[in-house]
>>> print(open('target_19.txt').read())   # compact mmCIF, C-alpha atoms and all ligand atoms
# COMPACT_ATOMS: atom_id res chain seq x y z
CA MET J 1 100.69 108.27 106.70
CA PRO J 2 101.50 105.12 104.83
CA GLY J 3 99.68 102.68 106.87
CA ALA J 4 99.69 99.45 108.59
CA SER J 5 97.60 97.25 106.35
CA LEU J 6 98.74 95.69 103.12
CA LEU J 7 96.86 95.88 99.89
CA ALA J 8 96.25 93.55 97.03
CA LEU J 9 98.85 94.27 94.38
CA HIS J 10 97.48 96.30 91.52
CA LEU J 11 99.86 98.06 89.19
CA PRO J 12 98.55 101.27 87.68
CA HIS J 13 99.37 101.58 83.97
CA ALA J 14 100.40 105.21 84.34
CA HIS J 15 103.65 104.27 86.05
CA ARG J 16 104.81 101.36 83.96
CA THR J 17 107.24 103.19 81.71
CA ALA J 18 110.83 104.34 82.16
CA MET J 19 111.48 102.46 85.37
CA SER J 20 114.30 100.45 86.70
CA ALA J 21 114.48 97.85 89.43
CA PRO J 22 115.17 99.34 92.87
CA PRO J 23 118.79 99.41 93.93
CA ASP J 24 119.81 97.28 96.91
CA ARG J 25 121.04 100.32 98.76
CA ILE J 26 120.17 104.03 98.83
CA GLU J 27 122.49 106.46 100.56
CA THR J 28 122.03 109.99 101.84
CA GLU J 29 124.50 112.12 103.76
CA ARG J 30 123.97 110.45 107.14
CA LEU J 31 121.76 107.46 106.34
CA TRP J 32 121.60 104.32 104.26
CA MET J 33 118.55 102.25 103.38
CA ARG J 34 117.73 98.92 101.80
CA PRO J 35 114.54 96.96 101.04
CA THR J 36 112.77 95.62 104.12
CA ARG J 37 112.89 91.86 104.57
CA ALA J 38 110.96 89.50 106.86
CA ALA J 39 114.30 88.73 108.52
CA ASP J 40 114.31 92.35 109.81
CA ALA J 41 111.36 91.62 112.14
CA GLU J 42 113.42 91.08 115.27
CA ALA J 43 115.64 94.14 114.84
CA THR J 44 112.85 96.54 113.82
CA HIS J 45 110.00 95.41 116.08
CA TYR J 46 111.04 97.74 118.91
CA TRP J 47 109.47 100.84 117.37
CA GLN J 48 106.29 98.95 116.37
CA VAL J 49 105.46 98.66 120.08
CA ASP J 50 106.36 102.24 121.02
CA PRO J 51 102.98 103.97 121.49
CA GLU J 52 104.52 107.36 120.56
CA VAL J 53 105.79 106.02 117.23
CA VAL J 54 102.58 104.24 116.23
CA ARG J 55 100.23 106.91 117.59
CA PHE J 56 99.25 108.07 114.09
CA LEU J 57 99.79 104.70 112.42
CA GLY J 58 96.76 102.95 113.84
CA GLY J 59 98.28 102.06 117.23
CA ILE J 60 100.12 98.86 118.02
CA GLN J 61 99.26 96.52 115.14
CA HIS J 62 101.97 93.92 115.78
CA PRO J 63 102.39 93.26 119.50
CA THR J 64 104.66 90.26 118.91
CA VAL J 65 107.73 89.76 116.74
CA GLU J 66 105.97 86.74 115.18
CA SER J 67 102.97 88.73 113.99
CA PHE J 68 105.28 91.46 112.73
CA ARG J 69 107.34 88.89 110.81
CA ALA J 70 104.16 87.60 109.12
CA PHE J 71 103.35 91.19 108.13
CA LEU J 72 106.87 91.75 106.76
CA GLU J 73 106.63 88.52 104.75
CA ARG J 74 103.65 90.06 102.93
CA VAL J 75 105.57 93.32 102.49
CA GLU J 76 108.43 91.40 100.93
CA VAL J 77 106.15 89.61 98.46
CA LYS J 78 104.44 92.83 97.49
CA TYR J 79 107.61 94.85 96.90
CA ASP J 80 109.33 91.96 95.10
CA ALA J 81 106.34 91.97 92.74
CA TYR J 82 106.79 95.71 92.10
CA ALA J 83 110.47 95.10 91.34
CA ALA J 84 109.66 92.18 89.04
CA ALA J 85 107.26 94.47 87.18
CA GLY J 86 110.00 97.09 86.78
CA LEU J 87 108.36 99.50 89.23
CA PRO J 88 110.57 101.55 91.55
CA TRP J 89 108.32 101.55 94.64
CA VAL J 90 110.09 100.72 97.87
CA ALA J 91 109.63 100.01 101.58
CA LEU J 92 113.07 100.49 103.09
CA VAL J 93 114.65 99.87 106.44
CA VAL J 94 116.75 102.87 107.44
CA PHE J 95 120.13 102.88 109.20
CA GLU J 96 122.25 105.69 110.52
CA LYS J 97 125.70 105.24 108.98
CA GLY J 98 128.03 103.50 111.39
CA VAL J 99 125.22 102.33 113.69
CA GLU J 100 124.14 98.69 113.60
CA ARG J 101 120.60 98.97 114.95
CA PRO J 102 118.01 100.06 112.33
CA ILE J 103 116.23 103.35 113.11
CA GLY J 104 113.21 103.54 110.84
CA THR J 105 111.28 103.06 107.63
CA ALA J 106 111.21 105.01 104.37
CA LEU J 107 108.46 104.55 101.81
CA CYS J 108 107.83 105.57 98.21
CA LYS J 109 104.79 103.79 96.83
CA PRO J 110 101.29 104.04 95.37
CA ALA J 111 98.76 105.48 97.82
CA PRO J 112 95.97 103.00 98.59
CA GLU J 113 92.32 103.76 98.04
CA GLY J 114 89.16 101.88 99.00
CA GLU J 115 88.48 99.94 102.16
CA GLY J 116 89.30 96.52 103.58
CA ASP J 117 89.68 93.77 100.97
CA GLY J 118 88.73 96.29 98.28
CA ARG J 119 91.84 98.41 98.92
CA ARG J 120 93.90 98.90 95.80
CA ASP J 121 96.94 100.87 94.71
CA SER J 122 95.86 104.17 93.18
CA GLU J 123 97.69 106.16 90.52
CA GLU J 124 98.84 108.64 93.23
CA ILE J 125 102.29 108.19 94.72
CA GLU J 126 103.02 108.84 98.37
CA ILE J 127 106.20 109.12 100.37
CA GLY J 128 106.42 108.26 104.07
CA TRP J 129 108.65 108.06 107.13
CA HIS J 130 108.62 106.41 110.56
CA LEU J 131 111.51 106.76 112.96
CA ALA J 132 112.27 105.10 116.26
CA ARG J 133 112.07 107.65 119.03
CA GLN J 134 115.81 107.92 119.68
CA ALA J 135 116.22 109.11 116.07
CA TRP J 136 113.79 112.04 116.30
CA GLY J 137 114.97 115.64 116.34
CA ARG J 138 118.02 115.19 114.09
CA GLY J 139 116.55 115.87 110.66
CA PHE J 140 116.68 112.23 109.57
CA ALA J 141 113.04 112.07 108.42
CA THR J 142 113.56 115.14 106.26
CA GLU J 143 116.75 113.63 104.83
CA LEU J 144 115.09 110.34 103.89
CA GLY J 145 111.86 112.07 102.79
CA ARG J 146 113.79 114.13 100.25
CA ALA J 147 115.44 110.95 98.94
CA MET J 148 112.01 109.30 98.53
CA ARG J 149 110.62 112.41 96.81
CA ASP J 150 113.56 112.44 94.38
CA ARG J 151 113.10 108.75 93.69
CA ALA J 152 109.41 109.23 92.81
CA PHE J 153 110.22 112.01 90.35
CA GLU J 154 113.37 110.42 88.90
CA LEU J 155 112.27 106.82 88.49
CA GLY J 156 108.51 106.93 88.90
CA GLY J 157 107.81 109.45 86.14
CA VAL J 158 104.98 110.94 88.21
CA PRO J 159 103.42 114.42 87.86
CA HIS J 160 103.36 114.97 91.62
CA VAL J 161 104.22 113.35 94.95
CA ASN J 162 102.00 113.23 98.06
CA ALA J 163 102.37 112.80 101.78
CA PHE J 164 99.25 112.02 103.82
CA VAL J 165 99.42 113.16 107.41
CA ASP J 166 97.08 112.92 110.37
CA ARG J 167 95.76 116.37 111.25
CA GLU J 168 97.35 116.19 114.72
CA ASN J 169 100.72 114.90 113.52
CA THR J 170 102.49 118.25 113.46
CA ALA J 171 106.00 116.71 113.43
CA SER J 172 105.21 114.80 110.24
CA ALA J 173 103.54 117.85 108.65
CA ARG J 174 106.76 119.78 109.26
CA VAL J 175 108.76 117.00 107.60
CA ALA J 176 106.50 117.19 104.52
CA GLU J 177 106.97 120.95 104.35
CA ARG J 178 110.74 120.69 104.78
CA CYS J 179 110.70 118.27 101.82
CA GLY J 180 109.03 121.05 99.82
CA LEU J 181 105.50 119.64 99.79
CA ARG J 182 102.64 122.13 100.25
CA ARG J 183 99.36 121.49 101.96
CA VAL J 184 96.57 121.08 99.40
CA GLU J 185 92.90 120.13 99.52
CA PRO J 186 92.50 116.66 101.08
CA SER J 187 90.69 113.91 99.19
CA PRO J 188 88.23 111.46 100.74
CA ARG J 189 89.86 108.79 98.52
CA PHE J 190 92.96 108.68 100.69
CA TYR J 191 93.21 107.73 104.37
CA GLY J 192 89.73 109.00 105.12
CA GLY J 193 90.51 112.55 103.99
CA ALA J 194 93.76 112.97 105.99
CA ASP J 195 95.73 116.16 105.45
CA ARG J 196 97.42 116.04 102.07
CA TYR J 197 100.78 117.56 101.19
CA ARG J 198 101.90 117.61 97.58
CA MET J 199 104.74 118.70 95.34
CA THR J 200 104.41 118.94 91.55
CA ARG J 201 107.18 117.99 89.16
CA ALA J 202 107.42 121.67 88.10
CA GLU J 203 107.90 122.69 91.74
CA TRP J 204 110.57 120.01 92.16
CA GLU J 205 112.40 121.20 89.05
CA ALA J 206 112.15 124.84 90.13
CA ARG J 207 113.66 123.86 93.47
CA GLY J 208 116.64 122.23 91.74
CA GLY J 209 115.45 118.63 91.27
CA SER J 210 117.33 115.74 92.83
CA GLY J 211 119.45 116.53 95.85
CA SER J 212 117.66 119.83 96.48
CA GLY J 213 116.39 120.81 99.89
C1 LIG J 301 107.28 112.10 111.90
C2 LIG J 301 108.69 111.90 112.46
C3 LIG J 301 109.47 110.99 111.54
C4 LIG J 301 109.34 113.28 112.54
O1 LIG J 301 110.61 113.18 113.14
P1 LIG J 301 111.45 114.52 113.42
O2 LIG J 301 112.70 114.10 114.08
O3 LIG J 301 110.58 115.53 114.07
O4 LIG J 301 111.70 115.08 111.95
P2 LIG J 301 113.07 115.36 111.23
O5 LIG J 301 113.84 114.09 111.12
O6 LIG J 301 112.80 116.08 109.97
O7 LIG J 301 113.83 116.27 112.26
C5 LIG J 301 113.44 117.60 112.41
C6 LIG J 301 113.83 118.05 113.77
O8 LIG J 301 115.21 117.81 113.96
C7 LIG J 301 115.88 119.07 114.22
N1 LIG J 301 117.18 118.95 113.54
C8 LIG J 301 118.34 118.72 114.18
N2 LIG J 301 119.33 118.61 113.28
C9 LIG J 301 118.78 118.77 112.07
C10 LIG J 301 119.31 118.75 110.74
N3 LIG J 301 120.60 118.55 110.49
N4 LIG J 301 118.45 118.93 109.70
C11 LIG J 301 117.15 119.14 109.93
N5 LIG J 301 116.58 119.16 111.17
C12 LIG J 301 117.41 118.98 112.23
C13 LIG J 301 114.95 120.12 113.68
O9 LIG J 301 115.11 121.32 114.38
C14 LIG J 301 113.59 119.52 113.93
O10 LIG J 301 113.17 119.66 115.26
P3 LIG J 301 111.88 120.57 115.60
O11 LIG J 301 110.76 120.06 114.75
O12 LIG J 301 111.72 120.36 117.05
O13 LIG J 301 112.27 121.94 115.19
C15 LIG J 301 108.66 111.26 113.85
O14 LIG J 301 107.96 112.11 114.71
C16 LIG J 301 108.00 109.89 113.81
O15 LIG J 301 108.62 108.90 113.43
N6 LIG J 301 106.76 109.83 114.27
C17 LIG J 301 106.06 108.57 114.36
C18 LIG J 301 105.72 107.96 113.02
C19 LIG J 301 104.86 108.89 112.19
O16 LIG J 301 103.92 109.47 112.70
N7 LIG J 301 105.21 108.99 110.91
C20 LIG J 301 104.53 109.85 109.99
C21 LIG J 301 103.29 109.27 109.49
S1 LIG J 301 102.51 110.42 108.36
>>> encode(input="target_19.txt", output="structure tokens", more="lines below")
Ligand SMILES: CC(C)(COP(=O)(O)OP(=O)(O)OC[C@H]1O[C@@H](n2cnc3c(N)ncnc32)[C@H](O)[C@@H]1OP(=O)(O)O)[C@@H](O)C(=O)NCCC(=O)NCCS
Amino acid sequence: MPGASLLALHLPHAHRTAMSAPPDRIETERLWMRPTRAADAEATHYWQVDPEVVRFLGGIQHPTVESFRAFLERVEVKYDAYAAAGLPWVALVVFEKGVERPIGTALCKPAPEGEGDGRRDSEEIEIGWHLARQAWGRGFATELGRAMRDRAFELGGVPHVNAFVDRENTASARVAERCGLRRVEPSPRFYGGADRYRMTRAEWEARGGSGSG
């Protein structure tokens, strides 16, 4: 459940090797994605104020386009800093191919730990997904989740990938499972001990690696 608040940028040493700058565009069968920019505020605000979409994301955090734009400006700075450091972590705006209006967000990034101003990137990598309501029920979250999982293993050089999910968010738990992540013991370090789904590199390789289901 990659969350609403932004963290001070801290780059864990464990992930500094064998990386490349994020591409401008990632494509899957039915979707394409690119880094989120502050200029996306107007087009993407509509799902930030849908109570069903933000139910497990801390509720409506950005009631106005202006406050959302200020948030996205900080997102841009943070992810540009990852790219400048050669880290592959991304916050992407997602489009259905052939459709102009964006439909969601895809994330592959360090999981935060700590509270408030003390929140920092941890060495654990999480993947995440938010879709506008009209895009639910078509397998898009699973499609983008698998792309984020593959990115973490391919470019991030990590031993495992996590998804943190609110206990009541059964739709998101199903997405994690369809991406091949298994429910493991939660940790109080992350999102107050939210349900934790994880896939190891060995499990990813056994499943066929990149492009596998
Ligand atoms: C979590 C969320 C992204 C899940 O969306 P979703 O549409 O249920 O998930 P998927 O994109 O994987 O789609 C799966 C559904 O599409 C159906 N589907 C249709 N075509 C499909 C296809 N080609 N491939 C896979 N599934 C398909 C599946 O049957 C499944 O429906 P079901 O769960 O009713 O059986 C969405 O509920 C959401 O954005 N919620 C709000 C934000 C949020 O909570 N994010 C997660 C924070 S941890």
>>> axis_aligned_box(input="target_19.txt", around="region 43-59 of chain J", padding_each_side="3 Å", output="AutoDock Vina command-line options")
--center_x 106.2 --center_y 101.1 --center_z 117.0 --size_x 24.9 --size_y 19.9 --size_z 15.1
>>> residues_near_ligand(input="target_19.txt", ligand="ligand LIG 301 (chain J)", cutoff="10 Å", atoms="all atoms listed in the file", output="count of residues only")
59
>>> atom_distance(input="target_19.txt", atom1="CA of Glu76 (chain J)", atom2="CA of Ser210 (chain J)")
27.2 Å
>>> closest_residue(input="target_19.txt", among="J:Thr44, J:Leu72, J:Gly114, J:Glu154", to="Gly193 (chain J)", atoms="only C-alpha atoms")
J:Gly114
>>> atom_distance(input="target_19.txt", atom1="CA of Glu42 (chain J)", atom2="CA of Phe95 (chain J)")
14.9 Å
